[in-house]
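Enquirer: I am sharing final.tsv, which consists of TSV, C-alpha atoms:
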chain	number	residue	atom	x	y	z
P	56	MET	CA	-8.99	20.12	-44.86
P	57	SER	CA	-6.05	20.47	-42.48
P	58	LEU	CA	-5.14	16.80	-43.02
P	59	PHE	CA	-5.04	17.43	-46.77
P	60	ARG	CA	-2.96	20.59	-46.33
P	61	ARG	CA	-0.53	18.76	-44.03
P	62	VAL	CA	-0.23	15.72	-46.30
P	63	LEU	CA	0.30	17.84	-49.38
P	64	ASN	CA	2.73	20.05	-47.47
P	65	LEU	CA	0.95	23.20	-48.64
P	66	ASP	CA	1.86	25.21	-45.56
P	67	VAL	CA	5.59	24.82	-46.19
P	68	PRO	CA	7.48	26.71	-48.90
P	69	GLU	CA	8.68	24.70	-51.89
P	70	SER	CA	12.00	22.97	-51.32
P	71	ALA	CA	15.05	24.28	-53.16
P	72	ASP	CA	16.34	20.75	-53.67
P	73	LEU	CA	13.62	19.47	-55.97
P	74	PRO	CA	14.95	16.81	-58.33
P	75	VAL	CA	13.39	18.62	-61.30
P	76	ALA	CA	12.90	22.35	-61.62
P	77	PRO	CA	9.11	22.90	-61.92
P	78	ASP	CA	9.49	25.20	-64.94
P	79	ALA	CA	12.11	23.11	-66.73
P	80	PRO	CA	11.13	21.82	-70.16
P	81	LEU	CA	10.63	18.11	-70.40
P	82	PRO	CA	13.31	16.06	-72.09
P	83	PRO	CA	12.25	14.41	-75.34
P	84	ALA	CA	9.82	11.55	-74.80
P	85	ASP	CA	11.55	8.22	-74.59
P	86	ALA	CA	10.65	4.66	-73.73
P	87	ALA	CA	10.82	5.48	-70.00
P	88	GLU	CA	7.88	7.89	-70.22
P	89	THR	CA	4.64	5.99	-69.90
P	90	ASP	CA	1.67	6.26	-72.21
P	91	SER	CA	-0.74	6.97	-69.38
P	92	VAL	CA	1.37	9.84	-68.04
P	93	LYS	CA	1.69	11.28	-71.57
P	94	LEU	CA	-2.12	11.24	-71.93
P	95	LEU	CA	-2.67	12.91	-68.57
P	96	THR	CA	0.14	15.44	-69.12
P	97	ALA	CA	-1.46	16.53	-72.40
P	98	GLN	CA	-4.54	17.60	-70.41
P	99	LEU	CA	-2.37	19.79	-68.18
P	100	SER	CA	-0.78	21.80	-70.98
P	101	ALA	CA	-1.43	25.11	-69.17
P	102	LEU	CA	1.07	24.07	-66.48
P	103	PRO	CA	4.85	24.01	-66.76
P	104	PRO	CA	5.80	20.68	-68.41
P	105	ALA	CA	7.67	19.19	-65.45
P	106	ARG	CA	4.82	20.09	-63.08
P	107	ALA	CA	2.26	18.61	-65.48
P	108	ARG	CA	4.24	15.36	-65.67
P	109	TYR	CA	4.53	15.20	-61.88
P	110	LEU	CA	0.78	15.80	-61.38
P	111	ALA	CA	-0.10	13.29	-64.12
P	112	ALA	CA	1.94	10.53	-62.48
P	113	PHE	CA	0.55	11.50	-59.05
P	114	ALA	CA	-3.03	11.35	-60.36
P	115	TYR	CA	-2.48	8.01	-62.08
P	116	LEU	CA	-1.12	6.51	-58.86
P	117	LEU	CA	-4.10	7.83	-56.89
P	118	GLY	CA	-6.28	6.13	-59.50
P	119	ARG	CA	-4.28	2.95	-58.95
P	120	ALA	CA	-5.01	3.20	-55.21
P	121	ALA	CA	-8.70	3.82	-55.88
P	122	HIS	CA	-8.83	0.75	-58.16
P	123	ALA	CA	-7.12	-1.54	-55.63
P	124	SER	CA	-10.48	-3.14	-54.80
P	125	GLY	CA	-11.46	-3.50	-58.45
P	126	SER	CA	-13.27	-0.23	-59.12
P	127	MET	CA	-13.35	3.38	-58.02
P	128	SER	CA	-16.17	4.35	-55.66
P	129	ASP	CA	-17.91	7.71	-55.67
P	130	ASP	CA	-16.32	8.42	-52.28
P	131	GLU	CA	-12.84	7.73	-53.66
P	132	ARG	CA	-13.53	9.95	-56.68
P	133	ALA	CA	-14.71	12.76	-54.37
P	134	VAL	CA	-11.55	12.51	-52.26
P	135	MET	CA	-9.39	12.57	-55.39
P	136	LEU	CA	-11.21	15.72	-56.52
P	137	GLN	CA	-10.56	17.33	-53.12
P	138	LEU	CA	-6.87	16.47	-53.37
P	139	ALA	CA	-6.69	17.90	-56.90
P	140	ASP	CA	-8.43	21.07	-55.74
P	141	ILE	CA	-6.07	21.48	-52.80
P	142	GLY	CA	-3.18	20.78	-55.16
P	143	GLY	CA	-4.14	23.91	-57.10
P	144	LEU	CA	-6.01	22.55	-60.12
P	145	ASP	CA	-9.12	24.38	-61.23
P	146	ALA	CA	-12.38	22.42	-60.87
P	147	GLU	CA	-12.74	21.58	-64.58
P	148	THR	CA	-9.14	20.36	-64.94
P	149	ALA	CA	-9.37	18.45	-61.65
P	150	ARG	CA	-12.51	16.64	-62.80
P	151	LEU	CA	-10.93	15.81	-66.16
P	152	ILE	CA	-7.72	14.50	-64.60
P	153	VAL	CA	-9.55	12.44	-61.97
P	154	ASP	CA	-11.84	10.93	-64.63
P	155	MET	CA	-8.89	10.14	-66.89
P	156	ALA	CA	-6.81	8.74	-64.02
P	157	ALA	CA	-9.74	6.54	-63.00
P	158	THR	CA	-10.16	5.25	-66.54
P	159	LEU	CA	-6.45	4.77	-67.24
P	160	ALA	CA	-5.71	3.05	-63.94
P	161	GLY	CA	-8.52	0.60	-64.71
P	162	GLU	CA	-7.53	0.01	-68.34
P	163	PHE	CA	-3.77	-0.38	-68.09
P	164	GLY	CA	-2.26	-3.39	-66.42
P	165	ALA	CA	0.34	-4.15	-63.82
P	166	THR	CA	3.23	-3.28	-66.13
P	167	GLU	CA	1.97	0.28	-66.64
P	168	ASP	CA	1.29	0.59	-62.91
P	169	TYR	CA	4.90	-0.34	-62.17
P	170	LEU	CA	6.31	1.92	-64.90
P	171	VAL	CA	4.31	4.96	-63.71
P	172	THR	CA	5.44	4.31	-60.14
P	173	ARG	CA	9.05	4.10	-61.31
P	174	GLU	CA	8.60	7.31	-63.31
P	175	PHE	CA	7.12	9.11	-60.29
P	176	LYS	CA	10.01	7.91	-58.15
P	177	ALA	CA	12.48	9.37	-60.69
P	178	ILE	CA	10.85	12.83	-60.69
P	179	SER	CA	10.07	13.19	-56.98
P	180	THR	CA	11.84	13.67	-53.69
P	181	PRO	CA	11.59	11.11	-50.87
P	182	GLU	CA	9.24	13.49	-49.03
P	183	GLU	CA	6.98	13.78	-52.09
P	184	ARG	CA	6.88	9.98	-52.31
P	185	ARG	CA	5.78	9.74	-48.68
P	186	ARG	CA	3.09	12.39	-49.35
P	187	LEU	CA	1.87	10.38	-52.35
P	188	LEU	CA	1.62	7.29	-50.17
P	189	GLN	CA	-0.34	9.30	-47.56
P	190	CYS	CA	-2.69	10.51	-50.29
P	191	CYS	CA	-3.16	6.93	-51.49
P	192	PHE	CA	-4.18	5.97	-47.95
P	193	ILE	CA	-6.61	8.91	-47.88
P	194	VAL	CA	-8.17	7.69	-51.13
P	195	MET	CA	-8.33	4.06	-49.97
P	196	ALA	CA	-9.92	5.13	-46.66
P	197	ALA	CA	-12.57	7.24	-48.41
P	198	ASP	CA	-15.20	4.57	-47.70
P	199	ASP	CA	-13.98	4.40	-44.06
P	200	GLU	CA	-12.28	1.03	-44.54
P	201	ILE	CA	-8.96	-0.12	-45.96
P	202	ASP	CA	-9.34	-3.77	-46.91
P	203	ALA	CA	-6.59	-6.39	-47.30
P	204	THR	CA	-6.17	-5.74	-51.04
P	205	GLU	CA	-5.75	-2.01	-50.48
P	206	SER	CA	-3.33	-2.65	-47.63
P	207	TRP	CA	-1.31	-4.97	-49.88
P	208	LEU	CA	-1.18	-2.25	-52.57
P	209	ALA	CA	0.09	0.27	-50.00
P	210	ASN	CA	2.92	-2.14	-49.16
P	211	ARG	CA	3.65	-2.61	-52.86
P	212	LEU	CA	3.68	1.12	-53.59
P	213	ALA	CA	5.98	1.78	-50.64
P	214	GLU	CA	8.35	-0.89	-51.94
P	215	GLU	CA	8.30	0.46	-55.52
P	216	LEU	CA	8.82	4.04	-54.29
P	217	ASP	CA	11.57	3.07	-51.82
P	218	VAL	CA	9.60	4.39	-48.87
P	219	GLU	CA	11.24	2.89	-45.82
P	220	ARG	CA	9.19	0.49	-43.66
P	221	PRO	CA	9.20	2.79	-40.59
P	222	ASP	CA	7.80	5.62	-42.77
P	223	LEU	CA	5.13	3.29	-44.21
P	224	ASN	CA	4.22	2.13	-40.70
P	225	ALA	CA	3.93	5.74	-39.49
P	226	ILE	CA	1.59	6.55	-42.39
P	227	ARG	CA	-0.41	3.34	-41.86
P	228	ASP	CA	-0.75	4.21	-38.17
P	229	GLU	CA	-2.63	7.40	-39.13
P	230	PHE	CA	-5.29	5.12	-40.67
P	231	HIS	CA	-5.22	2.41	-38.00
P	232	GLU	CA	-8.95	2.62	-37.26
P	233	GLN	CA	-9.87	2.15	-40.95
P	234	LEU	CA	-7.87	-1.09	-41.41
P	235	SER	CA	-10.26	-4.01	-41.91
P	236	SER	CA	-7.81	-6.37	-40.22
P	237	VAL	CA	-7.90	-4.28	-37.03
P	238	ARG	CA	-11.69	-4.22	-37.12
P	239	GLU	CA	-11.82	-7.98	-37.59
P	240	VAL	CA	-9.52	-8.63	-34.62
P	241	ARG	CA	-11.70	-6.37	-32.46
P	242	ARG	CA	-14.86	-8.10	-33.68
P	243	LEU	CA	-13.43	-11.52	-32.83
P	244	ALA	CA	-12.20	-10.33	-29.44
P	245	ALA	CA	-15.64	-8.92	-28.59
P	246	GLY	CA	-17.46	-11.95	-29.91
So that I can check it, write out the structure of this file as structure tokens.
Expert:
Amino acid sequence: MSLFRRVLNLDVPESADLPVAPDAPLPPADAAETDSVKLLTAQLSALPPARARYLAAFAYLLGRAAHASGSMSDDERAVMLQLADIGGLDAETARLIVDMAATLAGEFGATEDYLVTREFKAISTPEERRRLLQCCFIVMAADDEIDATESWLANRLAEELDVERPDLNAIRDEFHEQLSSVREVRRLAAG
């Protein structure tokens, strides 16, 4: 659990320079707000609106990471539930959000994926974007291997979120042993 706590920055007090006050009301819905985030946010109505929107986008993007290989595994779903639990959602809400994120990320296409990523970028700090990317790696490594498609998605997410290459490489290095490309090189070298 310490990896989750560190990635989610739960041991550090909330930053005073958040781009959106957590209790601030949401602005009126416009074309920039995505349908998938609206659906997920509606399920988080007990939370302050800005926090619900942030968590909805975060959950959708974790679902996008889980679907990188075409479908979400039980291991990936379990990791997403752990992350939701550590993030402070009650078990019932966490299960609902993970199920919805899994369904939505599989149903919507590349345009929605890009729009949700852009929306998350607009409502998050650079540090929160790096944490999201770390959480995506945690989800993708749930089955103990990050394949080429998942690795490509990590690169894509980092680009869309404006996470600098050195930061991406530092995050990727934490998961070095799970990269299928590293395993393949070792297999060939041993062979």
Enquirer: Of the candidates P:Ile201, P:Leu234, P:Ala120, P:Ala133, which shows the shortest atom-to-atom distance to Leu188 (chain P), using only C-alpha atoms?
Expert: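 Smallest distance to Leu188 (chain P) is found for P:Ala120.
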Enquirer: So which one's closest to Leu138 (chain P), P:Cys190, P:Leu159, P:Leu99, P:Ala165? Using all atoms listed in the file, please.
Expert: P:Cys190
Enquirer: What does the structure give for the distance between CA of Asp199 (chain P) and CA of Gln233 (chain P), in Å to one decimal?
Expert: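 So the two atoms, CA of Asp199 (chain P) and CA of Gln233 (chain P), lie 5.6 Å apart.
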Enquirer: Padding 8 Å on every side, please: axis-aligned box over the listed atoms of region 151-157 of chain P, centre and edge lengths to one decimal in Å, as JSON.
Expert:
{"center_x": -9.3, "center_y": 11.2, "center_z": -64.4, "size_x": 21.0, "size_y": 25.3, "size_z": 20.9}
Enquirer: In Å, rounded to a single decimal, give me how far CA of Leu187 (chain P) is from CA of Ala101 (chain P).
Expert: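 Between CA of Ala101 (chain P) and CA of Leu187 (chain P) the gap is 22.6 Å.
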Enquirer: Mind giving me the straight-line distance from CA of Ala245 (chain P) to CA of Asp202 (chain P) in Å, one decimal?
Expert: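 Separating CA of Ala245 (chain P) from CA of Asp202 (chain P) is a distance of 20.0 Å.
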Enquirer: Go through P:Pro221, P:Gly246, P:Pro104, P:Gly118 and flag the residue nearest Met155 (chain P), using only C-alpha atoms for the distances.
Expert: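 Among the listed residues, the smallest separation from Met155 (chain P) belongs to P:Gly118.
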Enquirer: Calculated over only C-alpha atoms, which of the candidates P:Glu182, P:Asp154, P:Glu205, P:Glu232 has the smallest distance to Glu219 (chain P)?
Expert: P:Glu182
Enquirer: Which is closer to Ile178 (chain P) than all the others in P:Val92, P:Ala105, P:Ala197, P:Val134, using all atoms listed in the file?
Expert: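 That would be P:Ala105, the residue with the smallest distance to Ile178 (chain P).
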Enquirer: Name the residues in contact with Ser179 (chain P) at a cut-off of 10 Å, using all atoms listed in the file, excluding same-chain residues fewer than 2 positions from it; report them as a list in words.
Expert: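 Counting only the stated atoms, we get Leu73, Pro74, Val75, Tyr109, Phe113, Glu174, Phe175, Lys176, Ala177, Pro181, Glu182, Glu183, Arg184, Arg185, Leu187 and Leu216 of chain P.
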Enquirer: I need the residue nearest Arg173 (chain P) from this list: P:Met195, P:Leu243, P:Leu116, P:Ala160. Use only C-alpha atoms for the distance.
Expert: P:Leu116
Enquirer: Could you pull the residues within 10 Å of Glu214 (chain P), counting all atoms listed in the file, minus those fewer than 6 positions along the same chain, as a ChimeraX atom specification?
Expert: /P:208,220,223
Enquirer: Which residues come within 10 Å of Ser236 (chain P), counting all atoms listed in the file, excluding same-chain residues fewer than 5 positions away, as a list of chain:residue names?
Expert: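 With the cut-off at 10 Å, the set is P:Glu200, P:Ile201, P:Asp202, P:Ala203, P:Ser206, P:His231, P:Arg241, P:Arg242.
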